[in-house]
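Have a look at data15.cif; it's mmCIF, C-alpha atoms and all ligand atoms:
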data_protein
#
loop_
_atom_site.label_atom_id
_atom_site.label_comp_id
_atom_site.auth_asym_id
_atom_site.auth_seq_id
_atom_site.Cartn_x
_atom_site.Cartn_y
_atom_site.Cartn_z
CA MET A 1 -8.66 19.52 28.01
CA GLN A 2 -7.47 17.68 31.08
CA VAL A 3 -9.27 14.31 31.20
CA GLN A 4 -9.34 13.81 34.97
CA ASN A 5 -12.91 13.93 36.35
CA LYS A 6 -14.34 14.38 32.83
CA VAL A 7 -16.91 12.14 31.12
CA ILE A 8 -15.55 10.93 27.81
CA VAL A 9 -17.25 8.83 25.12
CA VAL A 10 -15.00 6.49 23.12
CA SER A 11 -16.33 4.75 20.01
CA GLY A 12 -14.58 1.53 19.04
CA GLY A 13 -13.88 0.97 22.75
CA GLY A 14 -14.08 -2.81 22.36
CA ASN A 15 -10.75 -3.39 20.63
CA GLY A 16 -7.35 -2.06 19.66
CA ILE A 17 -6.65 1.66 20.06
CA GLY A 18 -10.17 2.42 21.35
CA ARG A 19 -9.87 -0.12 24.16
CA GLU A 20 -6.48 1.29 25.17
CA LEU A 21 -7.95 4.81 25.12
CA VAL A 22 -10.68 3.61 27.50
CA LEU A 23 -8.15 2.00 29.88
CA ASN A 24 -5.78 4.98 29.78
CA LEU A 25 -8.61 7.47 30.40
CA LEU A 26 -9.85 5.40 33.35
CA ALA A 27 -6.31 5.28 34.77
CA LYS A 28 -6.15 9.08 34.51
CA GLY A 29 -9.35 9.48 36.53
CA ALA A 30 -11.91 10.01 33.74
CA THR A 31 -15.35 8.42 33.55
CA VAL A 32 -15.75 6.62 30.25
CA ALA A 33 -18.70 5.56 28.08
CA ALA A 34 -17.39 2.95 25.66
CA VAL A 35 -19.38 2.46 22.47
CA ASP A 36 -18.92 -0.47 20.12
CA ILE A 37 -20.90 -2.71 17.77
CA SER A 38 -19.52 -5.80 19.55
CA GLU A 39 -20.89 -6.64 22.98
CA THR A 40 -18.28 -9.38 23.57
CA ALA A 41 -15.48 -6.96 22.79
CA LEU A 42 -16.91 -4.41 25.21
CA GLN A 43 -17.20 -7.05 27.94
CA GLU A 44 -13.51 -7.84 27.48
CA THR A 45 -12.69 -4.14 27.91
CA VAL A 46 -14.74 -4.12 31.14
CA LYS A 47 -12.76 -7.10 32.42
CA LEU A 48 -9.49 -5.33 31.67
CA ALA A 49 -10.71 -2.22 33.49
CA GLY A 50 -10.51 -4.22 36.76
CA ASN A 51 -11.29 -2.06 39.78
CA LYS A 52 -12.02 0.96 37.53
CA GLU A 53 -15.09 -0.87 36.23
CA HIS A 54 -17.47 1.40 38.19
CA ASP A 55 -16.23 4.42 36.16
CA LEU A 56 -17.04 2.69 32.88
CA SER A 57 -20.34 2.18 31.04
CA THR A 58 -20.74 0.23 27.82
CA HIS A 59 -23.12 0.90 24.94
CA VAL A 60 -23.67 -1.55 22.12
CA VAL A 61 -24.39 0.66 19.11
CA ASN A 62 -23.74 0.46 15.40
CA ILE A 63 -22.48 3.99 14.67
CA THR A 64 -23.91 3.82 11.13
CA ASP A 65 -27.41 3.68 12.67
CA ARG A 66 -28.18 7.40 12.85
CA ASP A 67 -31.31 6.98 14.98
CA ALA A 68 -29.52 4.78 17.50
CA VAL A 69 -26.62 7.25 17.69
CA ALA A 70 -29.09 10.11 18.23
CA THR A 71 -30.34 8.44 21.45
CA LEU A 72 -26.83 7.93 22.86
CA PRO A 73 -26.21 11.37 24.42
CA GLU A 74 -29.35 11.24 26.60
CA ARG A 75 -28.56 7.67 27.66
CA ILE A 76 -25.00 8.56 28.62
CA ILE A 77 -25.91 11.88 30.25
CA SER A 78 -28.63 10.23 32.36
CA LYS A 79 -26.02 7.75 33.59
CA HIS A 80 -23.01 10.03 34.09
CA GLY A 81 -24.56 13.50 34.40
CA ALA A 82 -22.78 15.10 31.42
CA VAL A 83 -20.48 14.49 28.46
CA ASP A 84 -17.27 16.53 28.24
CA GLY A 85 -15.51 14.80 25.38
CA ILE A 86 -15.88 12.31 22.56
CA ILE A 87 -13.21 10.30 20.80
CA ASN A 88 -14.41 8.83 17.51
CA CYS A 89 -12.15 5.81 17.09
CA ALA A 90 -14.40 3.08 15.60
CA GLY A 91 -13.33 2.25 12.07
CA ILE A 92 -12.58 -0.49 9.56
CA ILE A 93 -10.25 -1.01 6.64
CA GLN A 94 -11.27 -2.23 3.16
CA PRO A 95 -10.21 -5.42 1.40
CA PHE A 96 -6.69 -4.98 -0.08
CA VAL A 97 -7.80 -4.62 -3.71
CA ARG A 98 -7.72 -1.95 -6.37
CA ILE A 99 -10.81 0.22 -6.85
CA LYS A 100 -11.66 -1.62 -10.06
CA ASP A 101 -12.09 -4.80 -7.98
CA LEU A 102 -13.91 -3.25 -5.02
CA ASP A 103 -17.70 -3.51 -5.16
CA PHE A 104 -20.06 -0.77 -4.06
CA ALA A 105 -21.22 -2.73 -1.00
CA ALA A 106 -17.65 -2.71 0.35
CA ILE A 107 -17.19 0.95 -0.59
CA GLU A 108 -20.39 2.02 1.15
CA ARG A 109 -19.56 -0.02 4.26
CA VAL A 110 -16.23 1.76 4.68
CA MET A 111 -17.66 5.23 4.03
CA ASN A 112 -20.66 4.55 6.31
CA ILE A 113 -18.57 3.47 9.30
CA ASN A 114 -15.50 5.68 8.95
CA PHE A 115 -17.08 8.89 7.67
CA TYR A 116 -20.82 8.85 8.38
CA GLY A 117 -20.39 7.05 11.73
CA THR A 118 -17.96 9.77 12.84
CA LEU A 119 -20.30 12.48 11.53
CA TYR A 120 -23.40 11.03 13.26
CA MET A 121 -21.54 10.80 16.57
CA THR A 122 -20.19 14.33 16.21
CA LYS A 123 -23.57 15.86 15.35
CA ALA A 124 -25.36 13.93 18.11
CA PHE A 125 -22.98 15.08 20.86
CA LEU A 126 -22.08 18.58 19.68
CA PRO A 127 -25.15 20.39 21.14
CA HIS A 128 -24.33 18.88 24.55
CA LEU A 129 -20.61 19.65 24.31
CA LEU A 130 -21.41 23.28 23.48
CA LYS A 131 -23.16 23.62 26.85
CA ARG A 132 -20.09 22.51 28.86
CA PRO A 133 -17.57 24.96 30.33
CA GLU A 134 -14.92 23.14 28.27
CA ALA A 135 -15.20 20.20 25.92
CA HIS A 136 -13.25 18.25 23.33
CA ILE A 137 -13.86 16.33 20.09
CA THR A 138 -11.17 13.96 18.83
CA ASN A 139 -11.50 12.16 15.52
CA ILE A 140 -9.19 9.34 14.48
CA SER A 141 -8.19 9.73 10.83
CA SER A 142 -5.10 7.88 9.55
CA MET A 143 -1.75 8.40 7.87
CA GLY A 144 -3.75 6.98 4.94
CA GLY A 145 -5.97 10.05 5.20
CA PHE A 146 -3.24 12.41 3.99
CA LEU A 147 -1.35 10.26 1.49
CA PRO A 148 -2.40 7.52 -0.94
CA VAL A 149 -2.12 3.86 0.08
CA PRO A 150 -2.80 1.62 -2.93
CA GLY A 151 -5.27 -1.15 -2.08
CA GLN A 152 -6.76 1.11 0.62
CA THR A 153 -7.93 3.92 -1.63
CA ILE A 154 -11.52 4.11 -0.38
CA TYR A 155 -10.33 3.71 3.20
CA GLY A 156 -7.99 6.66 2.54
CA ALA A 157 -10.83 8.68 1.01
CA SER A 158 -12.98 8.01 4.10
CA LYS A 159 -10.12 9.08 6.38
CA ALA A 160 -9.39 12.18 4.27
CA ALA A 161 -13.07 13.05 4.73
CA VAL A 162 -12.62 12.63 8.50
CA LYS A 163 -9.53 14.90 8.32
CA LEU A 164 -11.37 17.77 6.62
CA LEU A 165 -14.52 17.25 8.69
CA THR A 166 -12.42 17.61 11.82
CA GLU A 167 -10.31 20.53 10.62
CA GLY A 168 -13.46 22.34 9.46
CA LEU A 169 -15.10 21.73 12.82
CA HIS A 170 -12.01 23.09 14.56
CA SER A 171 -12.37 26.36 12.66
CA GLU A 172 -16.13 26.57 13.14
CA LEU A 173 -15.77 26.04 16.89
CA LEU A 174 -12.88 28.44 17.48
CA ASN A 175 -15.09 30.94 19.30
CA THR A 176 -16.60 28.28 21.56
CA HIS A 177 -15.30 26.22 24.49
CA VAL A 178 -15.09 23.08 22.32
CA ARG A 179 -11.56 22.18 21.22
CA VAL A 180 -11.05 19.79 18.29
CA THR A 181 -8.19 17.43 17.46
CA VAL A 182 -7.52 15.21 14.44
CA VAL A 183 -5.31 12.14 14.84
CA PHE A 184 -3.18 10.47 12.15
CA PRO A 185 -1.91 7.08 13.34
CA GLY A 186 0.68 5.19 11.32
CA ALA A 187 0.85 1.40 11.64
CA ILE A 188 -0.51 0.27 15.01
CA GLY A 189 -0.42 -3.38 16.13
CA THR A 190 -4.13 -4.23 16.35
CA ASN A 191 -6.44 -6.84 14.79
CA ILE A 192 -8.10 -4.28 12.54
CA ALA A 193 -7.83 -6.49 9.42
CA ALA A 194 -9.59 -9.45 11.07
CA ASN A 195 -12.09 -7.16 12.82
CA SER A 196 -12.88 -5.56 9.45
CA GLY A 197 -13.44 -8.99 7.85
CA VAL A 198 -10.40 -8.47 5.61
CA SER A 199 -8.09 -11.37 4.83
CA ILE A 200 -4.44 -10.73 4.05
CA SER A 201 -3.30 -12.78 1.05
CA ALA A 202 -0.54 -15.42 1.35
CA ARG A 203 1.51 -13.36 -1.10
CA SER A 204 1.54 -10.51 1.37
CA GLU A 205 2.49 -12.52 4.47
CA SER A 206 6.22 -11.72 4.39
CA GLY A 207 5.62 -8.03 3.73
CA ASN A 208 3.04 -8.01 6.45
CA ARG A 209 5.44 -9.58 8.95
CA GLN A 210 8.03 -6.92 8.14
CA ARG A 211 5.46 -4.20 8.69
CA SER A 212 4.12 -5.66 11.93
CA ILE A 213 7.62 -5.45 13.46
CA LYS A 214 7.42 -1.67 13.07
CA ALA A 215 3.85 -1.34 14.30
CA LEU A 216 3.39 0.73 17.45
CA ALA A 217 1.62 -0.87 20.43
CA PRO A 218 -1.99 0.36 20.77
CA SER A 219 -1.32 1.25 24.42
CA LYS A 220 1.47 3.60 23.30
CA ALA A 221 -0.80 5.07 20.60
CA ALA A 222 -3.48 5.73 23.22
CA GLN A 223 -0.97 7.46 25.49
CA ILE A 224 0.19 9.73 22.64
CA ILE A 225 -3.42 10.57 21.73
CA ILE A 226 -4.44 11.41 25.29
CA ASP A 227 -1.29 13.51 25.84
CA GLY A 228 -2.24 15.42 22.66
CA ILE A 229 -5.82 15.93 23.84
CA GLU A 230 -4.55 17.27 27.17
CA GLN A 231 -2.38 19.74 25.23
CA ASN A 232 -5.33 20.73 22.98
CA ARG A 233 -3.26 19.83 19.92
CA TYR A 234 -4.66 20.69 16.47
CA ARG A 235 -3.28 17.46 15.00
CA ILE A 236 -1.53 14.42 16.43
CA LEU A 237 0.82 12.26 14.36
CA VAL A 238 1.03 8.84 16.05
CA GLY A 239 4.24 6.90 15.36
CA SER A 240 7.50 7.75 13.62
CA ASP A 241 6.11 6.41 10.30
CA SER A 242 3.27 8.93 10.37
CA ALA A 243 5.59 11.82 11.34
CA PHE A 244 8.10 10.83 8.64
CA MET A 245 5.48 10.49 5.89
CA ASP A 246 3.86 13.77 6.90
CA PHE A 247 7.22 15.46 6.36
CA ILE A 248 7.96 13.68 3.06
CA TYR A 249 4.47 14.37 1.75
CA ARG A 250 4.93 18.11 2.33
CA VAL A 251 8.29 18.11 0.54
CA SER A 252 7.18 15.94 -2.40
CA PRO A 253 3.68 14.44 -2.57
CA SER A 254 4.59 12.28 -5.58
CA ARG A 255 7.72 10.85 -3.91
CA ALA A 256 5.74 10.09 -0.78
CA ALA A 257 3.13 8.29 -2.89
CA LYS A 258 5.81 6.23 -4.68
CA PHE A 259 7.47 5.33 -1.38
CA ILE A 260 4.20 4.00 0.03
CA PHE A 261 3.45 2.17 -3.22
CA ASN A 262 6.76 0.32 -2.90
CA GLN A 263 5.99 -0.58 0.72
CA MET A 264 2.44 -1.75 0.06
CA GLN A 265 2.47 -3.42 -3.33
CA SER A 266 2.99 -6.88 -1.81
CA LEU A 267 -0.48 -6.59 -0.28
CA LEU A 268 -2.14 -6.11 -3.67
CA PRO A 269 -3.24 -9.06 -5.79
CA GLU A 270 -1.07 -9.59 -8.93
N1 LIG B 301 -4.40 -0.13 13.36
C1 LIG B 301 -3.81 0.75 12.57
O1 LIG B 301 -2.70 0.51 12.04
C2 LIG B 301 -4.47 2.08 12.29
C3 LIG B 301 -3.75 3.04 11.55
C4 LIG B 301 -4.34 4.26 11.26
C5 LIG B 301 -5.63 4.53 11.71
N2 LIG B 301 -6.30 3.60 12.43
C6 LIG B 301 -7.67 3.92 12.85
O2 LIG B 301 -7.78 3.79 14.25
C7 LIG B 301 -9.11 3.42 14.59
C8 LIG B 301 -9.06 2.20 15.51
O3 LIG B 301 -8.44 1.14 14.78
P1 LIG B 301 -7.94 -0.19 15.48
O4 LIG B 301 -6.74 -0.61 14.75
O5 LIG B 301 -7.92 -0.03 16.94
O6 LIG B 301 -9.12 -1.20 15.05
P2 LIG B 301 -9.83 -2.38 15.83
O7 LIG B 301 -10.45 -3.25 14.82
O8 LIG B 301 -8.89 -3.00 16.82
O9 LIG B 301 -10.97 -1.62 16.67
C9 LIG B 301 -12.03 -0.98 16.00
C10 LIG B 301 -13.30 -1.13 16.81
O10 LIG B 301 -14.35 -0.44 16.12
C11 LIG B 301 -15.52 -1.23 16.27
N3 LIG B 301 -16.47 -0.95 15.18
C12 LIG B 301 -16.33 -1.27 13.87
N4 LIG B 301 -17.43 -0.93 13.19
C13 LIG B 301 -18.28 -0.35 14.08
C14 LIG B 301 -19.58 0.19 14.00
N5 LIG B 301 -20.25 0.22 12.83
N6 LIG B 301 -20.16 0.68 15.11
C15 LIG B 301 -19.50 0.65 16.30
N7 LIG B 301 -18.28 0.12 16.45
C16 LIG B 301 -17.68 -0.38 15.36
C17 LIG B 301 -15.03 -2.67 16.18
O11 LIG B 301 -15.98 -3.59 16.72
C18 LIG B 301 -13.74 -2.58 16.98
O12 LIG B 301 -13.98 -2.89 18.34
C19 LIG B 301 -9.84 3.17 13.28
O13 LIG B 301 -10.60 4.31 12.95
C20 LIG B 301 -8.71 2.98 12.29
O14 LIG B 301 -9.09 3.32 10.98
C21 LIG B 301 -5.76 2.38 12.73
#
As structure tokens, please, write out the structure in this file.
Ligand SMILES: NC(=O)c1ccc[n+]([C@@H]2O[C@H](COP(=O)([O-])OP(=O)(O)OC[C@H]3O[C@@H](n4cnc5c(N)ncnc54)[C@H](O)[C@@H]3O)[C@@H](O)[C@H]2O)c1
Amino acid sequence: MQVQNKVIVVSGGGNGIGRELVLNLLAKGATVAAVDISETALQETVKLAGNKEHDLSTHVVNITDRDAVATLPERIISKHGAVDGIINCAGIIQPFVRIKDLDFAAIERVMNINFYGTLYMTKAFLPHLLKRPEAHITNISSMGGFLPVPGQTIYGASKAAVKLLTEGLHSELLNTHVRVTVVFPGAIGTNIAANSGVSISARSESGNRQRSIKALAPSKAAQIIIDGIEQNRYRILVGSDSAFMDFIYRVSPSRAAKFIFNQMQSLLPE
């Protein structure tokens, strides 16, 4: 779906990839409704939008609040007239610990935001998208949603759930005007750890620095995602790390898992 002159909802629009999606969409001539739990973060996005500010509305919503999400479509439609697309980008990571050390509160938080938040948004907007002449749903999974990242196992499970939710939706909607795209970013240079309330241990600092050198800029990630949406792509691999691991995982899932283990073990407590 071409984004120009469309109304597109972006969750997680207050930071990182979501913010860059908002700015890129505005630059391409879309009207954007940015949704985020953080009002301050959304206000910063508005500032960065500059003279495109009049094409942007902001909505402070916790996407795990199903009732609040259910009221969003009417609020956005009454402001902008319609919704043509949604990009579910809001998400968090988990503390870098093994499952045996991760409590249920942390597990539920990750599943609620990454999986249920994406599901609530999708179900709330789908009836409206089905009425449009063309429409698009994009869900942000992760490279960690198709291969195991130790210390992010529940995060990976939540993103694998997003992957299958999105691929299933794609099939179910094949005979409609709603196209569906799943996105698998590799490492992107954002503040997701801090925004998720996750501290990186001192032991991991050097490994983390090495990794951050390779991280793709969120503005570049947003450009790749929007190009993929405009080409109605089934799946979008963002970054050479994601494309490489996708290939390796198909050839040998166990080798891919070992490779990632070697890369990530410095982040895990002894
Ligand atoms: N950064 C990476 O390396 C990377 C890699 C793969 C996938 N991803 C995925 O990309 C997406 C964006 O990540 P990012 O790095 O830009 O993160 P980020 O922390 O920069 O932005 C995420 C935004 O989501 C918002 N958010 C969190 N919980 C929310 C809730 N309950 N309701 C509404 N908004 C909420 C945050 O306030 C924040 O503004 C996430 O789904 C993440 O899992 C990121």
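When atom CA of Pro73 of chain A is paired with atom N6 of ligand LIG 301 (chain B), their separation reads 15.4 Å.
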Kindly give the distance, in Å, that separates atom CA of Ala160 of chain A and atom CA of Gly144 of chain A, rounded to a single decimal.
7.7 Å
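As for atom CA of Gly117 of chain A and atom N3 of ligand LIG 301 (chain B), they are spaced 9.6 Å apart.
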Wanna dump the chain A-ligand LIG 301 (chain B) contacts at 7 Å for me, each residue with its shortest atom pair and the distance in Å to one decimal, counting only C-alpha atoms and all ligand atoms, ordered by chain and number, as a Markdown table?
| residue | atom | partner | partner_atom | distance |
| --- | --- | --- | --- | --- |
| A:Ser11 | CA | B:LIG301 | N7 | 6.2 |
| A:Gly12 | CA | B:LIG301 | O10 | 3.5 |
| A:Gly13 | CA | B:LIG301 | O12 | 5.9 |
| A:Gly14 | CA | B:LIG301 | O12 | 4.0 |
| A:Asn15 | CA | B:LIG301 | O12 | 4.0 |
| A:Gly16 | CA | B:LIG301 | O8 | 3.4 |
| A:Ile17 | CA | B:LIG301 | O5 | 3.8 |
| A:Gly18 | CA | B:LIG301 | O5 | 5.5 |
| A:Val35 | CA | B:LIG301 | C15 | 6.4 |
| A:Asp36 | CA | B:LIG301 | N7 | 3.8 |
| A:Ile37 | CA | B:LIG301 | C15 | 3.9 |
| A:Ser38 | CA | B:LIG301 | O11 | 5.0 |
| A:Ala41 | CA | B:LIG301 | O12 | 6.2 |
| A:Val61 | CA | B:LIG301 | C15 | 5.6 |
| A:Asn62 | CA | B:LIG301 | N6 | 3.6 |
| A:Ile63 | CA | B:LIG301 | N6 | 4.1 |
| A:Thr64 | CA | B:LIG301 | N5 | 5.4 |
| A:Cys89 | CA | B:LIG301 | C7 | 4.6 |
| A:Ala90 | CA | B:LIG301 | O10 | 3.6 |
| A:Gly91 | CA | B:LIG301 | O13 | 3.5 |
| A:Ile92 | CA | B:LIG301 | O14 | 5.4 |
| A:Ile93 | CA | B:LIG301 | O14 | 6.2 |
| A:Ile113 | CA | B:LIG301 | N5 | 5.1 |
| A:Asn114 | CA | B:LIG301 | O13 | 6.5 |
| A:Gly117 | CA | B:LIG301 | N5 | 6.9 |
| A:Ile140 | CA | B:LIG301 | O13 | 5.4 |
| A:Ser141 | CA | B:LIG301 | C5 | 5.9 |
| A:Ser142 | CA | B:LIG301 | C5 | 4.0 |
| A:Met143 | CA | B:LIG301 | C4 | 5.9 |
| A:Gly144 | CA | B:LIG301 | C4 | 6.9 |
| A:Phe184 | CA | B:LIG301 | C4 | 6.4 |
| A:Pro185 | CA | B:LIG301 | C4 | 4.3 |
| A:Gly186 | CA | B:LIG301 | C3 | 4.9 |
| A:Ala187 | CA | B:LIG301 | O1 | 3.7 |
| A:Ile188 | CA | B:LIG301 | O1 | 3.7 |
| A:Gly189 | CA | B:LIG301 | N1 | 5.8 |
| A:Thr190 | CA | B:LIG301 | O4 | 4.7 |
| A:Asn191 | CA | B:LIG301 | O8 | 5.0 |
| A:Ile192 | CA | B:LIG301 | O7 | 3.4 |
| A:Ala193 | CA | B:LIG301 | O7 | 6.8 |
| A:Asn195 | CA | B:LIG301 | O7 | 4.7 |
| A:Ser196 | CA | B:LIG301 | O7 | 6.3 |
At a cut-off of 9 Å, using only C-alpha atoms, what residues contact segment 248-256 of chain A? Leave out same-chain residues fewer than 4 positions from it and give the result as a ChimeraX atom specification.
/A:146-148,243-244,260-261
Export of the given selection (C-alpha atoms) as a PDB file, in the coordinates of the input:
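Contents of out28.pdb, freshly written:
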ATOM      1  CA  PHE A 146      -3.240  12.410   3.990  1.00  0.00           C
ATOM      2  CA  LEU A 147      -1.350  10.260   1.490  1.00  0.00           C
ATOM      3  CA  PRO A 148      -2.400   7.520  -0.940  1.00  0.00           C
ATOM      4  CA  ALA A 243       5.590  11.820  11.340  1.00  0.00           C
ATOM      5  CA  PHE A 244       8.100  10.830   8.640  1.00  0.00           C
ATOM      6  CA  ILE A 260       4.200   4.000   0.030  1.00  0.00           C
ATOM      7  CA  PHE A 261       3.450   2.170  -3.220  1.00  0.00           C
TER       8      PHE A 261
END
So, counting all atoms listed in the file, which residue among A:Val198, A:Leu26, A:Ala215, A:Leu56 is closest to Leu267 of chain A?
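Using all atoms listed in the file, Leu267 of chain A sits closest to A:Val198.
Between Ser242 of chain A and the residues A:Val183, A:Glu20, A:Ala124, A:Ser78, the shortest atom-to-atom distance, using all atoms listed in the file, involves A:Val183.
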How would segment 254-266 of chain A look written as an mmCIF file, in the first residue's frame with N, CA, C and O atoms?
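What landed in result-v8.cif:
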data_model
loop_
_atom_site.group_PDB
_atom_site.id
_atom_site.type_symbol
_atom_site.label_atom_id
_atom_site.label_comp_id
_atom_site.auth_asym_id
_atom_site.auth_seq_id
_atom_site.Cartn_x
_atom_site.Cartn_y
_atom_site.Cartn_z
ATOM 1 N N SER A 254 20.297 -25.582 14.508
ATOM 2 C CA SER A 254 21.127 -25.757 15.710
ATOM 3 C C SER A 254 22.412 -24.928 15.612
ATOM 4 O O SER A 254 22.874 -24.350 16.588
ATOM 5 N N ARG A 255 22.985 -24.826 14.405
ATOM 6 C CA ARG A 255 24.179 -23.980 14.242
ATOM 7 C C ARG A 255 23.852 -22.511 14.454
ATOM 8 O O ARG A 255 24.623 -21.770 15.039
ATOM 9 N N ALA A 256 22.700 -22.115 13.959
ATOM 10 C CA ALA A 256 22.273 -20.721 14.145
ATOM 11 C C ALA A 256 22.124 -20.432 15.643
ATOM 12 O O ALA A 256 22.564 -19.392 16.134
ATOM 13 N N ALA A 257 21.525 -21.377 16.362
ATOM 14 C CA ALA A 257 21.318 -21.192 17.802
ATOM 15 C C ALA A 257 22.657 -21.084 18.531
ATOM 16 O O ALA A 257 22.845 -20.243 19.416
ATOM 17 N N LYS A 258 23.614 -21.924 18.144
ATOM 18 C CA LYS A 258 24.938 -21.909 18.793
ATOM 19 C C LYS A 258 25.659 -20.584 18.503
ATOM 20 O O LYS A 258 26.293 -19.997 19.382
ATOM 21 N N PHE A 259 25.542 -20.128 17.269
ATOM 22 C CA PHE A 259 26.181 -18.872 16.865
ATOM 23 C C PHE A 259 25.667 -17.720 17.734
ATOM 24 O O PHE A 259 26.429 -16.931 18.276
ATOM 25 N N ILE A 260 24.360 -17.661 17.900
ATOM 26 C CA ILE A 260 23.768 -16.580 18.704
ATOM 27 C C ILE A 260 24.152 -16.746 20.178
ATOM 28 O O ILE A 260 24.435 -15.774 20.872
ATOM 29 N N PHE A 261 24.202 -17.990 20.643
ATOM 30 C CA PHE A 261 24.621 -18.219 22.029
ATOM 31 C C PHE A 261 26.010 -17.621 22.254
ATOM 32 O O PHE A 261 26.253 -16.915 23.237
ATOM 33 N N ASN A 262 26.922 -17.877 21.323
ATOM 34 C CA ASN A 262 28.283 -17.355 21.464
ATOM 35 C C ASN A 262 28.310 -15.826 21.466
ATOM 36 O O ASN A 262 29.092 -15.207 22.178
ATOM 37 N N GLN A 263 27.443 -15.227 20.664
ATOM 38 C CA GLN A 263 27.386 -13.757 20.602
ATOM 39 C C GLN A 263 26.812 -13.155 21.882
ATOM 40 O O GLN A 263 27.192 -12.069 22.282
ATOM 41 N N MET A 264 25.859 -13.848 22.488
ATOM 42 C CA MET A 264 25.047 -13.246 23.542
ATOM 43 C C MET A 264 25.447 -13.651 24.949
ATOM 44 O O MET A 264 24.942 -13.071 25.909
ATOM 45 N N GLN A 265 26.326 -14.641 25.089
ATOM 46 C CA GLN A 265 26.513 -15.181 26.438
ATOM 47 C C GLN A 265 27.096 -14.156 27.402
ATOM 48 O O GLN A 265 26.880 -14.252 28.616
ATOM 49 N N SER A 266 27.787 -13.126 26.871
ATOM 50 C CA SER A 266 28.361 -12.119 27.776
ATOM 51 C C SER A 266 27.265 -11.310 28.470
ATOM 52 O O SER A 266 27.513 -10.657 29.481
#
